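Q: Structure provided below as structure tokens; questions to follow.
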Amino acid sequence: MNLPNLKIGNLIAKLPIIQGGMGIGVSLSKLASAVANEGGIGIISGAQTGFKEKNFRTDNDKANVNGIIKEIRKARKLSPDGILGINILKASNNYFELVKTAVKEKIDLIISGAGLPIELPSFVKNTETNIIPIISSGRAAKLITKVWKRRYDYLPDAIIVEGKKAGGHLGFKRKNLDNNLIKSLKEIVKDVIDTINPFEKKYNTKIPIIAAGGIYSGEDVRKFFKIGVSGVQMATRFVGTEECDADIKFKEAYVNAKKEDICFIKSPVGMPGKVIKNHFVEQFQGSNLNRIDRCYKCLKECNPKTALFCITDALIKAVNGDTENGLIFIGDNGYKINKISTVKEIFQDIKRSFNLKKEKVSSIF
Ligand SMILES: Cc1cc2nc3c(=O)[nH]c(=O)nc-3n(C[C@H](O)[C@H](O)[C@H](O)COP(=O)(O)O)c2cc1C
């Protein structure tokens, strides 16, 4: 069996692989367009996308709107026929403005997590933009689908199910992660499929389910197809590419990371964040010191008086190459990356290993 294509609304991607949005600045126009050109779906990060703008510190909202416009236009120029999306965190303070900007720029799809994007359909009705929530349980999948249908007569164009092996912020409580109380991604995906099935039957439609978190090889992709997903979202593996928009030192931190270097930090977003242990992370272990001297008012949930650090500053430092004093998000399988390759090579490897029997899979990376 070859990798099937992925149909989302009016779009058909040749390959059923979405490159997950990575903020701040890790997936911008370069990575997203490279993925789209290979037949996958490329996602620009909508988290503080204006961080290179001159007015970023003085007029954060405006800088981010400009950043989004620039990155979408650049990506479209680099991939005129590819499928391009943007990831916008529901937890962002200027969420609605960012969404409106992306829709105005005719982005193909908006992916939204870190909170339930309840109001999202009101911004895309009668437009070409598709919308995809990220959820981490069958319950959340049911809630968003029910509310969108009831309030807006809209069903999700697809649903991303993100499990505990994903990188960055996770939608699970830290104590449940530490006590191993979280179901496997496979189990959550099955719950979501069972939950969504009655909606598909009732409204005679297909809602593609996309699995995310820890998917690395073609064999992993095949395992999820076997349980009924229509596609996968992968992020961590794409950091190890020439096209990834982060500084080379950020990518090298991945290449050098060992399994035991991957840990959690309490993020000001109010969720656990999965990161590479470095000097920055060690400073906060066992410390309650507040080190925020400037606030961008970027996140609804962050209280600069009590948060331990400014996540915007920490992520920007890292993406710009200060990998000891910044925060480096990573997924569980990041330690498997041992060299920097290209997006094309990653797709070739996934296509090859998708068709191999378990015992024959030996990734070339
Ligand atoms: C460096 C990095 C940054 C990320 N930033 C975001 C983000 O801004 N918004 C979001 O919804 N998910 C973010 N994620 C999660 C990914 O989009 C993706 O769903 C998840 O990492 C998939 O698991 P994988 O990394 O094991 O492939 C990030 C992941 C990484 C590794």
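Quick note on naming: the chains in the structure tokens go A, B, ... in the order shown, residues restart at 1 in each chain, and ligands are numbered from 1 in order of appearance.
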So that I can see what lies close to A:Leu31, please list as a list in words the residues with an atom at most 10 Å from it, counting only C-alpha atoms and leaving out residues fewer than 6 positions away in the same chain.
A: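 Neighbouring residues, sequence-local ones excluded: Gln19, Gly21, Asn37, Gly42, Ile43, Ile44, Ala75, Phe238, Val239, Thr241, Glu242, Glu243, Cys244, Asp245, Ala246, Thr342 and Val343 of chain A.
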Q: Please find the residues contacting ligand 1 at a distance of at most 8 Å between atoms, with only C-alpha atoms and all ligand atoms counted, and report them as a PyMOL selection string.
A: chain A and resi 19-24+26+45-47+87-89+111-114+134+162-163+165-169+212-216+233-237+239+328-334
Q: Report, in Å with one decimal, the straight-line distance from atom CA of A:Lys274 to atom CA of A:Glu71.
A: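 It comes out at 25.9 Å.
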Q: Give me the residues near stretch 62-70 of chain A as a PyMOL selection string, where near means some atom within 7 Å (using only C-alpha atoms) and where sequence neighbours in that chain fewer than 6 positions away do not count.
A: chain A and resi 46+48-50+53+55-56+98+101+105
Q: Could you give me, as a ChimeraX atom specification, each residue of stretch 144-289 of chain A that DSSP assigns to helix (DSSP H, G or I) when run on this structure's backbone?
A: /A:144-152,174-178,185-202,218-226,236-239,248-256,259-261,279-284
Q: For each of A:Lys30, A:Arg57, A:Lys142, A:Arg150, take the minimum atom-to-atom distance to A:Cys295, counting only C-alpha atoms, then give the residue where this is smallest.
A: A:Arg57
Q: For A:Leu78, list every protein, DNA or RNA residue within 10 Å, evaluated using only C-alpha atoms, and leave out those in the same chain fewer than 2 positions away; present the list as a list of chain:residue names.
A: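 Surrounding residues, per the criterion: A:Ser29, A:Lys30, A:Ala32, A:Ser33, A:Ala34, A:Ala36, A:Asn37, A:Ile72, A:Arg73, A:Lys74, A:Ala75, A:Arg76, A:Pro80, A:Asp81, A:Gly82.
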Q: Would you write out those residues with C-alpha atoms, as an mmCIF file, in the first residue's frame?
A:
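To be explicit, this is the file written out as part23.cif:
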data_model
loop_
_atom_site.group_PDB
_atom_site.id
_atom_site.type_symbol
_atom_site.label_atom_id
_atom_site.label_comp_id
_atom_site.auth_asym_id
_atom_site.auth_seq_id
_atom_site.Cartn_x
_atom_site.Cartn_y
_atom_site.Cartn_z
ATOM 1 C CA SER A 29 7.547 30.203 5.248
ATOM 2 C CA LYS A 30 10.729 28.263 4.436
ATOM 3 C CA ALA A 32 6.087 25.242 5.384
ATOM 4 C CA SER A 33 6.651 25.822 1.660
ATOM 5 C CA ALA A 34 9.223 23.022 1.422
ATOM 6 C CA ALA A 36 3.921 21.823 0.718
ATOM 7 C CA ASN A 37 6.148 21.439 -2.349
ATOM 8 C CA ILE A 72 1.931 33.744 4.314
ATOM 9 C CA ARG A 73 2.847 35.751 1.209
ATOM 10 C CA LYS A 74 6.446 34.444 1.204
ATOM 11 C CA ALA A 75 5.271 30.847 1.594
ATOM 12 C CA ARG A 76 2.717 31.251 -1.200
ATOM 13 C CA PRO A 80 2.254 28.537 -5.460
ATOM 14 C CA ASP A 81 0.365 25.236 -5.740
ATOM 15 C CA GLY A 82 1.060 23.668 -2.344
#
Q: Please provide the set of residues having any atom within 10 Å of A:Asn256, restricted to only C-alpha atoms, with same-chain residues fewer than 5 positions apart removed, written as a ChimeraX atom specification.
A: /A:251,261,334-339
Q: Applying 7 Å and only C-alpha atoms, which residues near A:Leu327 remain after dropping the ones on its own chain fewer than 3 positions away? List them as a list in words.
A: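 Those residues are Val275, Phe280, Ala314, Leu315 and Ala318 of chain A.
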Q: For A:Ile182, please output as a list in words all residues within 12 Å (counting only C-alpha atoms; exclusion window: fewer than 3 positions along the same chain).
A: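 Here the qualifying residues turn out to be Ser136, Ser137, Glu162, Gly163, Lys164, Lys165, Leu170, Gly171, Phe172, Lys173, Arg174, Lys175, Asn176, Leu177, Asp178, Asn179, Leu185, Lys186, Glu187 and Ile188 of chain A.
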Q: Would you please give, as a ChimeraX atom specification, all residues of stretch 36-196 of chain A that DSSP assigns to strand (DSSP E or B) based on the backbone?
A: /A:41-45,83-87,92,109-112,130-135,159-162,168-169
Q: Figure out the distance between atom CA of A:Lys249 and atom CA of A:Asn278, please, to one decimal in Å.
A: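 Straight-line distance from atom CA of A:Asn278 to atom CA of A:Lys249 works out to 13.1 Å.
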